[in-house]
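> My file is structure_19.txt. It has compact mmCIF, N, CA and C atoms:
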```
# COMPACT_ATOMS: atom_id res chain seq x y z
N MET I 1 121.54 -72.28 -143.90
CA MET I 1 120.30 -72.62 -143.23
C MET I 1 119.74 -73.90 -143.85
N LYS I 2 119.37 -74.85 -143.04
CA LYS I 2 118.85 -76.12 -143.49
C LYS I 2 117.39 -75.98 -143.93
N LYS I 3 117.09 -76.49 -145.10
CA LYS I 3 115.73 -76.42 -145.62
C LYS I 3 114.91 -77.58 -145.04
N LEU I 4 113.72 -77.28 -144.55
CA LEU I 4 112.83 -78.31 -144.02
C LEU I 4 112.18 -79.07 -145.17
N ARG I 5 111.87 -80.31 -144.94
CA ARG I 5 111.25 -81.12 -145.98
C ARG I 5 109.84 -80.63 -146.33
N PHE I 6 109.12 -80.20 -145.36
CA PHE I 6 107.83 -79.56 -145.61
C PHE I 6 107.63 -78.53 -144.51
N PRO I 7 106.91 -77.47 -144.79
CA PRO I 7 106.75 -76.41 -143.80
C PRO I 7 106.05 -76.91 -142.53
N ILE I 8 106.51 -76.40 -141.41
CA ILE I 8 105.93 -76.77 -140.11
C ILE I 8 104.47 -76.35 -140.04
N TRP I 9 104.16 -75.22 -140.67
CA TRP I 9 102.77 -74.73 -140.62
C TRP I 9 101.82 -75.72 -141.28
N ARG I 10 102.29 -76.44 -142.29
CA ARG I 10 101.42 -77.40 -142.98
C ARG I 10 101.03 -78.54 -142.03
N GLU I 11 101.99 -79.01 -141.24
CA GLU I 11 101.69 -80.07 -140.29
C GLU I 11 100.76 -79.56 -139.19
N ALA I 12 100.98 -78.35 -138.71
CA ALA I 12 100.12 -77.77 -137.68
C ALA I 12 98.70 -77.57 -138.20
N LEU I 13 98.58 -77.12 -139.44
CA LEU I 13 97.26 -76.93 -140.04
C LEU I 13 96.55 -78.27 -140.18
N ALA I 14 97.27 -79.29 -140.61
CA ALA I 14 96.67 -80.62 -140.77
C ALA I 14 96.17 -81.14 -139.43
N GLN I 15 96.95 -80.93 -138.36
CA GLN I 15 96.52 -81.38 -137.05
C GLN I 15 95.29 -80.62 -136.57
N SER I 16 95.26 -79.32 -136.80
CA SER I 16 94.12 -78.53 -136.33
C SER I 16 92.84 -78.88 -137.09
N LEU I 17 92.98 -79.23 -138.36
CA LEU I 17 91.81 -79.62 -139.16
C LEU I 17 91.52 -81.11 -139.09
N GLU I 18 92.37 -81.83 -138.34
CA GLU I 18 92.24 -83.28 -138.18
C GLU I 18 92.31 -84.01 -139.52
N LEU I 19 93.22 -83.55 -140.39
CA LEU I 19 93.44 -84.21 -141.67
C LEU I 19 94.51 -85.28 -141.50
N PRO I 20 94.41 -86.38 -142.25
CA PRO I 20 95.47 -87.38 -142.19
C PRO I 20 96.79 -86.80 -142.69
N ARG I 21 97.89 -87.16 -142.05
CA ARG I 21 99.21 -86.63 -142.40
C ARG I 21 99.59 -86.96 -143.84
N ASP I 22 99.23 -88.14 -144.34
CA ASP I 22 99.60 -88.51 -145.70
C ASP I 22 98.96 -87.58 -146.73
N LEU I 23 97.79 -87.06 -146.46
CA LEU I 23 97.15 -86.12 -147.37
C LEU I 23 97.75 -84.72 -147.26
N ALA I 24 97.93 -84.26 -146.06
CA ALA I 24 98.39 -82.89 -145.84
C ALA I 24 99.85 -82.70 -146.21
N CYS I 25 100.69 -83.68 -145.93
CA CYS I 25 102.13 -83.53 -146.13
C CYS I 25 102.63 -84.33 -147.33
N ARG I 26 101.73 -84.93 -148.07
CA ARG I 26 102.08 -85.72 -149.26
C ARG I 26 103.01 -86.88 -148.94
N ASP I 27 102.88 -87.44 -147.76
CA ASP I 27 103.70 -88.58 -147.38
C ASP I 27 103.24 -89.82 -148.15
N ALA I 28 104.20 -90.68 -148.45
CA ALA I 28 103.87 -91.95 -149.07
C ALA I 28 103.22 -92.84 -148.01
N LEU I 29 102.29 -93.65 -148.45
CA LEU I 29 101.59 -94.55 -147.55
C LEU I 29 101.84 -95.97 -148.05
N LEU I 30 102.45 -96.81 -147.21
CA LEU I 30 102.78 -98.18 -147.58
C LEU I 30 101.94 -99.13 -146.74
N THR I 31 101.31 -100.09 -147.40
CA THR I 31 100.52 -101.11 -146.72
C THR I 31 101.04 -102.46 -147.17
N MET I 32 101.57 -103.21 -146.22
CA MET I 32 102.15 -104.51 -146.56
C MET I 32 101.25 -105.61 -146.04
N THR I 33 101.00 -106.59 -146.90
CA THR I 33 100.20 -107.75 -146.54
C THR I 33 101.11 -108.97 -146.61
N GLY I 34 101.41 -109.53 -145.47
CA GLY I 34 102.33 -110.66 -145.42
C GLY I 34 103.72 -110.24 -145.88
N GLU I 35 104.45 -111.18 -146.47
CA GLU I 35 105.79 -110.90 -146.98
C GLU I 35 105.82 -110.71 -148.47
N SER I 36 104.66 -110.80 -149.12
CA SER I 36 104.68 -110.85 -150.57
C SER I 36 103.84 -109.80 -151.28
N GLN I 37 103.20 -108.90 -150.58
CA GLN I 37 102.36 -107.91 -151.24
C GLN I 37 102.52 -106.55 -150.58
N LEU I 38 102.73 -105.52 -151.40
CA LEU I 38 102.93 -104.16 -150.90
C LEU I 38 102.11 -103.20 -151.75
N LEU I 39 101.34 -102.36 -151.09
CA LEU I 39 100.57 -101.31 -151.75
C LEU I 39 101.25 -99.98 -151.42
N VAL I 40 101.63 -99.23 -152.45
CA VAL I 40 102.29 -97.94 -152.27
C VAL I 40 101.34 -96.86 -152.80
N GLU I 41 100.98 -95.91 -151.94
CA GLU I 41 100.11 -94.80 -152.32
C GLU I 41 100.89 -93.50 -152.24
N ASN I 42 100.47 -92.51 -152.99
CA ASN I 42 101.07 -91.17 -153.01
C ASN I 42 102.51 -91.18 -153.52
N TYR I 43 102.79 -91.93 -154.56
CA TYR I 43 104.12 -91.92 -155.14
C TYR I 43 104.12 -91.00 -156.36
N ARG I 44 105.30 -90.63 -156.82
CA ARG I 44 105.39 -89.75 -157.99
C ARG I 44 105.86 -90.46 -159.24
N ALA I 45 106.88 -91.32 -159.11
CA ALA I 45 107.45 -91.96 -160.31
C ALA I 45 108.17 -93.25 -159.94
N ILE I 46 108.30 -94.13 -160.92
CA ILE I 46 109.11 -95.33 -160.79
C ILE I 46 110.45 -95.00 -161.41
N ARG I 47 111.52 -95.01 -160.62
CA ARG I 47 112.87 -94.66 -161.10
C ARG I 47 113.62 -95.85 -161.67
N GLU I 48 113.55 -96.99 -161.00
CA GLU I 48 114.22 -98.21 -161.45
C GLU I 48 113.29 -99.38 -161.17
N TYR I 49 113.36 -100.38 -162.06
CA TYR I 49 112.51 -101.55 -161.86
C TYR I 49 113.19 -102.77 -162.45
N THR I 50 113.56 -103.71 -161.59
CA THR I 50 114.09 -105.01 -162.00
C THR I 50 113.41 -106.05 -161.12
N PRO I 51 113.55 -107.33 -161.45
CA PRO I 51 112.97 -108.36 -160.58
C PRO I 51 113.59 -108.39 -159.18
N GLY I 52 114.75 -107.74 -158.98
CA GLY I 52 115.42 -107.74 -157.69
C GLY I 52 115.24 -106.48 -156.87
N HIS I 53 114.86 -105.37 -157.52
CA HIS I 53 114.64 -104.13 -156.75
C HIS I 53 113.80 -103.12 -157.52
N LEU I 54 113.16 -102.26 -156.75
CA LEU I 54 112.40 -101.13 -157.28
C LEU I 54 112.86 -99.88 -156.56
N LEU I 55 112.96 -98.79 -157.30
CA LEU I 55 113.24 -97.49 -156.70
C LEU I 55 112.09 -96.58 -157.10
N ILE I 56 111.38 -96.10 -156.09
CA ILE I 56 110.18 -95.30 -156.30
C ILE I 56 110.41 -93.91 -155.74
N GLN I 57 110.08 -92.89 -156.52
CA GLN I 57 110.19 -91.50 -156.06
C GLN I 57 108.88 -91.09 -155.41
N ALA I 58 108.97 -90.67 -154.16
CA ALA I 58 107.82 -90.11 -153.46
C ALA I 58 108.05 -88.61 -153.33
N ALA I 59 107.14 -87.89 -152.74
CA ALA I 59 107.26 -86.43 -152.64
C ALA I 59 108.44 -86.02 -151.78
N ASN I 60 108.68 -86.72 -150.68
CA ASN I 60 109.70 -86.30 -149.72
C ASN I 60 110.91 -87.23 -149.63
N CYS I 61 110.91 -88.34 -150.38
CA CYS I 61 112.01 -89.29 -150.30
C CYS I 61 111.93 -90.26 -151.47
N ARG I 62 112.91 -91.16 -151.51
CA ARG I 62 112.87 -92.28 -152.44
C ARG I 62 112.67 -93.55 -151.61
N ILE I 63 111.94 -94.49 -152.16
CA ILE I 63 111.66 -95.75 -151.47
C ILE I 63 112.30 -96.87 -152.29
N ARG I 64 113.24 -97.58 -151.67
CA ARG I 64 113.91 -98.70 -152.33
C ARG I 64 113.33 -100.00 -151.76
N ILE I 65 112.87 -100.85 -152.65
CA ILE I 65 112.29 -102.14 -152.28
C ILE I 65 113.19 -103.21 -152.89
N GLU I 66 113.69 -104.10 -152.06
CA GLU I 66 114.56 -105.17 -152.52
C GLU I 66 113.94 -106.52 -152.21
N GLY I 67 114.18 -107.48 -153.08
CA GLY I 67 113.65 -108.81 -152.87
C GLY I 67 113.90 -109.69 -154.07
N LYS I 68 113.04 -110.67 -154.25
CA LYS I 68 113.16 -111.61 -155.36
C LYS I 68 111.83 -111.71 -156.08
N HIS I 69 111.91 -111.84 -157.39
CA HIS I 69 110.71 -112.02 -158.23
C HIS I 69 109.70 -110.89 -158.04
N LEU I 70 110.18 -109.67 -157.90
CA LEU I 70 109.29 -108.53 -157.70
C LEU I 70 108.58 -108.18 -159.00
N GLN I 71 107.29 -107.94 -158.90
CA GLN I 71 106.47 -107.56 -160.05
C GLN I 71 105.52 -106.45 -159.64
N ILE I 72 105.32 -105.51 -160.53
CA ILE I 72 104.28 -104.50 -160.33
C ILE I 72 103.01 -105.07 -160.93
N ARG I 73 102.06 -105.41 -160.08
CA ARG I 73 100.80 -106.01 -160.55
C ARG I 73 99.92 -104.98 -161.26
N TYR I 74 99.85 -103.79 -160.70
CA TYR I 74 99.13 -102.69 -161.36
C TYR I 74 99.63 -101.38 -160.80
N TYR I 75 99.42 -100.33 -161.55
CA TYR I 75 99.73 -98.99 -161.07
C TYR I 75 98.88 -97.98 -161.79
N ASN I 76 98.63 -96.87 -161.14
CA ASN I 76 97.96 -95.73 -161.75
C ASN I 76 98.60 -94.47 -161.17
N ASN I 77 97.99 -93.33 -161.33
CA ASN I 77 98.59 -92.07 -160.87
C ASN I 77 98.69 -91.97 -159.35
N GLU I 78 97.95 -92.76 -158.62
CA GLU I 78 97.90 -92.62 -157.17
C GLU I 78 98.48 -93.78 -156.39
N GLU I 79 98.44 -94.99 -156.95
CA GLU I 79 98.90 -96.15 -156.19
C GLU I 79 99.46 -97.24 -157.10
N MET I 80 100.22 -98.14 -156.48
CA MET I 80 100.70 -99.31 -157.20
C MET I 80 100.75 -100.49 -156.24
N GLN I 81 100.58 -101.68 -156.81
CA GLN I 81 100.66 -102.89 -156.02
C GLN I 81 101.86 -103.70 -156.50
N ILE I 82 102.72 -104.10 -155.56
CA ILE I 82 103.92 -104.86 -155.85
C ILE I 82 103.79 -106.22 -155.20
N GLU I 83 104.16 -107.26 -155.94
CA GLU I 83 104.13 -108.62 -155.40
C GLU I 83 105.48 -109.28 -155.63
N GLY I 84 105.81 -110.24 -154.80
CA GLY I 84 107.06 -110.98 -154.87
C GLY I 84 107.57 -111.21 -153.47
N GLN I 85 108.78 -111.73 -153.36
CA GLN I 85 109.39 -111.96 -152.04
C GLN I 85 110.08 -110.67 -151.60
N ILE I 86 109.40 -109.88 -150.80
CA ILE I 86 109.91 -108.58 -150.35
C ILE I 86 110.81 -108.80 -149.14
N GLU I 87 112.06 -108.35 -149.24
CA GLU I 87 113.03 -108.56 -148.18
C GLU I 87 113.40 -107.27 -147.44
N VAL I 88 113.50 -106.15 -148.17
CA VAL I 88 113.94 -104.90 -147.56
C VAL I 88 113.12 -103.74 -148.13
N ILE I 89 112.71 -102.83 -147.26
CA ILE I 89 112.11 -101.56 -147.67
C ILE I 89 112.95 -100.47 -147.01
N ARG I 90 113.53 -99.61 -147.82
CA ARG I 90 114.44 -98.57 -147.29
C ARG I 90 114.01 -97.21 -147.82
N PHE I 91 114.04 -96.20 -146.92
CA PHE I 91 113.73 -94.83 -147.30
C PHE I 91 115.04 -94.07 -147.44
N GLU I 92 115.21 -93.40 -148.59
CA GLU I 92 116.42 -92.65 -148.88
C GLU I 92 116.06 -91.18 -149.09
N PRO I 93 116.97 -90.28 -148.70
CA PRO I 93 116.69 -88.85 -148.91
C PRO I 93 116.65 -88.47 -150.38
```
Give the structure from this file in C-alpha cells form.

Amino acid sequence: MKKLRFPIWREALAQSLELPRDLACRDALLTMTGESQLLVENYRAIREYTPGHLLIQAANCRIRIEGKHLQIRYYNNEEMQIEGQIEVIRFEP
C-alpha cells in the first residue's frame, strides 16, 4: 500500500477552515524576486551548501537550488533568504 505524503483529511480540514495550505500541510513556500533573490519559508534543514547549489530539506520534499555565487543572506527557524544567480529550482522526493 502506498503511503500518502500527508493525510487527505488534513487537506479537507484546511479547506473547510479556510486555512492556507502551507500552514495546514507544512508545505514549503518559495517567493522569488527577479532572478537573484529567493525566500524559502517552512523548511526544516540545510543539507548541502556550496556557491553552486543548495539542498534544503522541507517537510514533504527536498528542494535543490542550482546557480552561481549563491549565498544565504540570513536564516532562522522559519525562513531563509538566498541571493545569487539562481538558474534551477527542483523538487525531489
> Contacts of segment 50-59 of chain I at 8 Å or less, counting only N, CA and C atoms, minus same-chain residues fewer than 3 places along, as a PyMOL selection string?
chain I and resi 5+25-28+41-47+62-71
> To one decimal in Å, tell me the separation between atom CA of Glu35 of chain I and atom CA of Asn77 of chain I.
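The value is 24.5 Å.
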> From the options I:Ile72, I:Met32, I:Cys61, I:Leu38, which residue's atoms come nearest to Arg90 of chain I, counting only C-alpha atoms?
I:Cys61
> Let me make sure I understand: among I:Leu39, I:Asn60, I:Glu48, I:Pro93, which one has the smallest atom-to-atom distance to Met80 of chain I if we use all atoms listed in the file?
I:Leu39
> Would you mind reading off the distance between atom C of Glu78 of chain I and atom C of Val40 of chain I, one decimal, in Å?
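Atom-to-atom, atom C of Glu78 of chain I and atom C of Val40 of chain I are spaced 5.5 Å apart.
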> As lines of an AutoDock Vina configuration file, please: the centre and edge lengths in Å, to one decimal, of an axis-aligned box enclosing every listed atom of segment 85-91 of chain I with 4 Å added on each side.

```
center_x = 111.9
center_y = -103.0
center_z = -150.1
size_x = 14.3
size_y = 25.9
size_z = 14.4
```
> Tell me, in Å to one decimal, how far atom CA of Leu29 of chain I is from atom CA of Ile89 of chain I.
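Value for the atom CA of Leu29 of chain I-atom CA of Ile89 of chain I distance: 12.6 Å.
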> Counting all atoms listed in the file, find residues at most 6 Å from (102.4, -106.8, -155.5) (file frame) and give them as JSON, numbers by chain.
{"I": [36, 37, 38, 71, 72, 73, 81, 82, 83, 84]}
> Report the residues of segment 15-91 of chain I whose backbone DSSP state falls under strand (DSSP E), written as a ChimeraX atom specification.
/I:29-33,37-41,43-49,53-58,62-75,79-91
> Go ahead and write the residues just picked, N, CA and C atoms, as a compact mmCIF listing (two decimals), in the frame of the given file.

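Okay, again_16.txt is ready:
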```txt
# COMPACT_ATOMS: atom_id res chain seq x y z
N LEU I 29 102.29 -93.65 -148.45
CA LEU I 29 101.59 -94.55 -147.55
C LEU I 29 101.84 -95.97 -148.05
N LEU I 30 102.45 -96.81 -147.21
CA LEU I 30 102.78 -98.18 -147.58
C LEU I 30 101.94 -99.13 -146.74
N THR I 31 101.31 -100.09 -147.40
CA THR I 31 100.52 -101.11 -146.72
C THR I 31 101.04 -102.46 -147.17
N MET I 32 101.57 -103.21 -146.22
CA MET I 32 102.15 -104.51 -146.56
C MET I 32 101.25 -105.61 -146.04
N THR I 33 101.00 -106.59 -146.90
CA THR I 33 100.20 -107.75 -146.54
C THR I 33 101.11 -108.97 -146.61
N GLN I 37 103.20 -108.90 -150.58
CA GLN I 37 102.36 -107.91 -151.24
C GLN I 37 102.52 -106.55 -150.58
N LEU I 38 102.73 -105.52 -151.40
CA LEU I 38 102.93 -104.16 -150.90
C LEU I 38 102.11 -103.20 -151.75
N LEU I 39 101.34 -102.36 -151.09
CA LEU I 39 100.57 -101.31 -151.75
C LEU I 39 101.25 -99.98 -151.42
N VAL I 40 101.63 -99.23 -152.45
CA VAL I 40 102.29 -97.94 -152.27
C VAL I 40 101.34 -96.86 -152.80
N GLU I 41 100.98 -95.91 -151.94
CA GLU I 41 100.11 -94.80 -152.32
C GLU I 41 100.89 -93.50 -152.24
N TYR I 43 102.79 -91.93 -154.56
CA TYR I 43 104.12 -91.92 -155.14
C TYR I 43 104.12 -91.00 -156.36
N ARG I 44 105.30 -90.63 -156.82
CA ARG I 44 105.39 -89.75 -157.99
C ARG I 44 105.86 -90.46 -159.24
N ALA I 45 106.88 -91.32 -159.11
CA ALA I 45 107.45 -91.96 -160.31
C ALA I 45 108.17 -93.25 -159.94
N ILE I 46 108.30 -94.13 -160.92
CA ILE I 46 109.11 -95.33 -160.79
C ILE I 46 110.45 -95.00 -161.41
N ARG I 47 111.52 -95.01 -160.62
CA ARG I 47 112.87 -94.66 -161.10
C ARG I 47 113.62 -95.85 -161.67
N GLU I 48 113.55 -96.99 -161.00
CA GLU I 48 114.22 -98.21 -161.45
C GLU I 48 113.29 -99.38 -161.17
N TYR I 49 113.36 -100.38 -162.06
CA TYR I 49 112.51 -101.55 -161.86
C TYR I 49 113.19 -102.77 -162.45
N HIS I 53 114.86 -105.37 -157.52
CA HIS I 53 114.64 -104.13 -156.75
C HIS I 53 113.80 -103.12 -157.52
N LEU I 54 113.16 -102.26 -156.75
CA LEU I 54 112.40 -101.13 -157.28
C LEU I 54 112.86 -99.88 -156.56
N LEU I 55 112.96 -98.79 -157.30
CA LEU I 55 113.24 -97.49 -156.70
C LEU I 55 112.09 -96.58 -157.10
N ILE I 56 111.38 -96.10 -156.09
CA ILE I 56 110.18 -95.30 -156.30
C ILE I 56 110.41 -93.91 -155.74
N GLN I 57 110.08 -92.89 -156.52
CA GLN I 57 110.19 -91.50 -156.06
C GLN I 57 108.88 -91.09 -155.41
N ALA I 58 108.97 -90.67 -154.16
CA ALA I 58 107.82 -90.11 -153.46
C ALA I 58 108.05 -88.61 -153.33
N ARG I 62 112.91 -91.16 -151.51
CA ARG I 62 112.87 -92.28 -152.44
C ARG I 62 112.67 -93.55 -151.61
N ILE I 63 111.94 -94.49 -152.16
CA ILE I 63 111.66 -95.75 -151.47
C ILE I 63 112.30 -96.87 -152.29
N ARG I 64 113.24 -97.58 -151.67
CA ARG I 64 113.91 -98.70 -152.33
C ARG I 64 113.33 -100.00 -151.76
N ILE I 65 112.87 -100.85 -152.65
CA ILE I 65 112.29 -102.14 -152.28
C ILE I 65 113.19 -103.21 -152.89
N GLU I 66 113.69 -104.10 -152.06
CA GLU I 66 114.56 -105.17 -152.52
C GLU I 66 113.94 -106.52 -152.21
N GLY I 67 114.18 -107.48 -153.08
CA GLY I 67 113.65 -108.81 -152.87
C GLY I 67 113.90 -109.69 -154.07
N LYS I 68 113.04 -110.67 -154.25
CA LYS I 68 113.16 -111.61 -155.36
C LYS I 68 111.83 -111.71 -156.08
N HIS I 69 111.91 -111.84 -157.39
CA HIS I 69 110.71 -112.02 -158.23
C HIS I 69 109.70 -110.89 -158.04
N LEU I 70 110.18 -109.67 -157.90
CA LEU I 70 109.29 -108.53 -157.70
C LEU I 70 108.58 -108.18 -159.00
N GLN I 71 107.29 -107.94 -158.90
CA GLN I 71 106.47 -107.56 -160.05
C GLN I 71 105.52 -106.45 -159.64
N ILE I 72 105.32 -105.51 -160.53
CA ILE I 72 104.28 -104.50 -160.33
C ILE I 72 103.01 -105.07 -160.93
N ARG I 73 102.06 -105.41 -160.08
CA ARG I 73 100.80 -106.01 -160.55
C ARG I 73 99.92 -104.98 -161.26
N TYR I 74 99.85 -103.79 -160.70
CA TYR I 74 99.13 -102.69 -161.36
C TYR I 74 99.63 -101.38 -160.80
N TYR I 75 99.42 -100.33 -161.55
CA TYR I 75 99.73 -98.99 -161.07
C TYR I 75 98.88 -97.98 -161.79
N GLU I 79 98.44 -94.99 -156.95
CA GLU I 79 98.90 -96.15 -156.19
C GLU I 79 99.46 -97.24 -157.10
N MET I 80 100.22 -98.14 -156.48
CA MET I 80 100.70 -99.31 -157.20
C MET I 80 100.75 -100.49 -156.24
N GLN I 81 100.58 -101.68 -156.81
CA GLN I 81 100.66 -102.89 -156.02
C GLN I 81 101.86 -103.70 -156.50
N ILE I 82 102.72 -104.10 -155.56
CA ILE I 82 103.92 -104.86 -155.85
C ILE I 82 103.79 -106.22 -155.20
N GLU I 83 104.16 -107.26 -155.94
CA GLU I 83 104.13 -108.62 -155.40
C GLU I 83 105.48 -109.28 -155.63
N GLY I 84 105.81 -110.24 -154.80
CA GLY I 84 107.06 -110.98 -154.87
C GLY I 84 107.57 -111.21 -153.47
N GLN I 85 108.78 -111.73 -153.36
CA GLN I 85 109.39 -111.96 -152.04
C GLN I 85 110.08 -110.67 -151.60
N ILE I 86 109.40 -109.88 -150.80
CA ILE I 86 109.91 -108.58 -150.35
C ILE I 86 110.81 -108.80 -149.14
N GLU I 87 112.06 -108.35 -149.24
CA GLU I 87 113.03 -108.56 -148.18
C GLU I 87 113.40 -107.27 -147.44
N VAL I 88 113.50 -106.15 -148.17
CA VAL I 88 113.94 -104.90 -147.56
C VAL I 88 113.12 -103.74 -148.13
N ILE I 89 112.71 -102.83 -147.26
CA ILE I 89 112.11 -101.56 -147.67
C ILE I 89 112.95 -100.47 -147.01
N ARG I 90 113.53 -99.61 -147.82
CA ARG I 90 114.44 -98.57 -147.29
C ARG I 90 114.01 -97.21 -147.82
N PHE I 91 114.04 -96.20 -146.92
CA PHE I 91 113.73 -94.83 -147.30
C PHE I 91 115.04 -94.07 -147.44
```
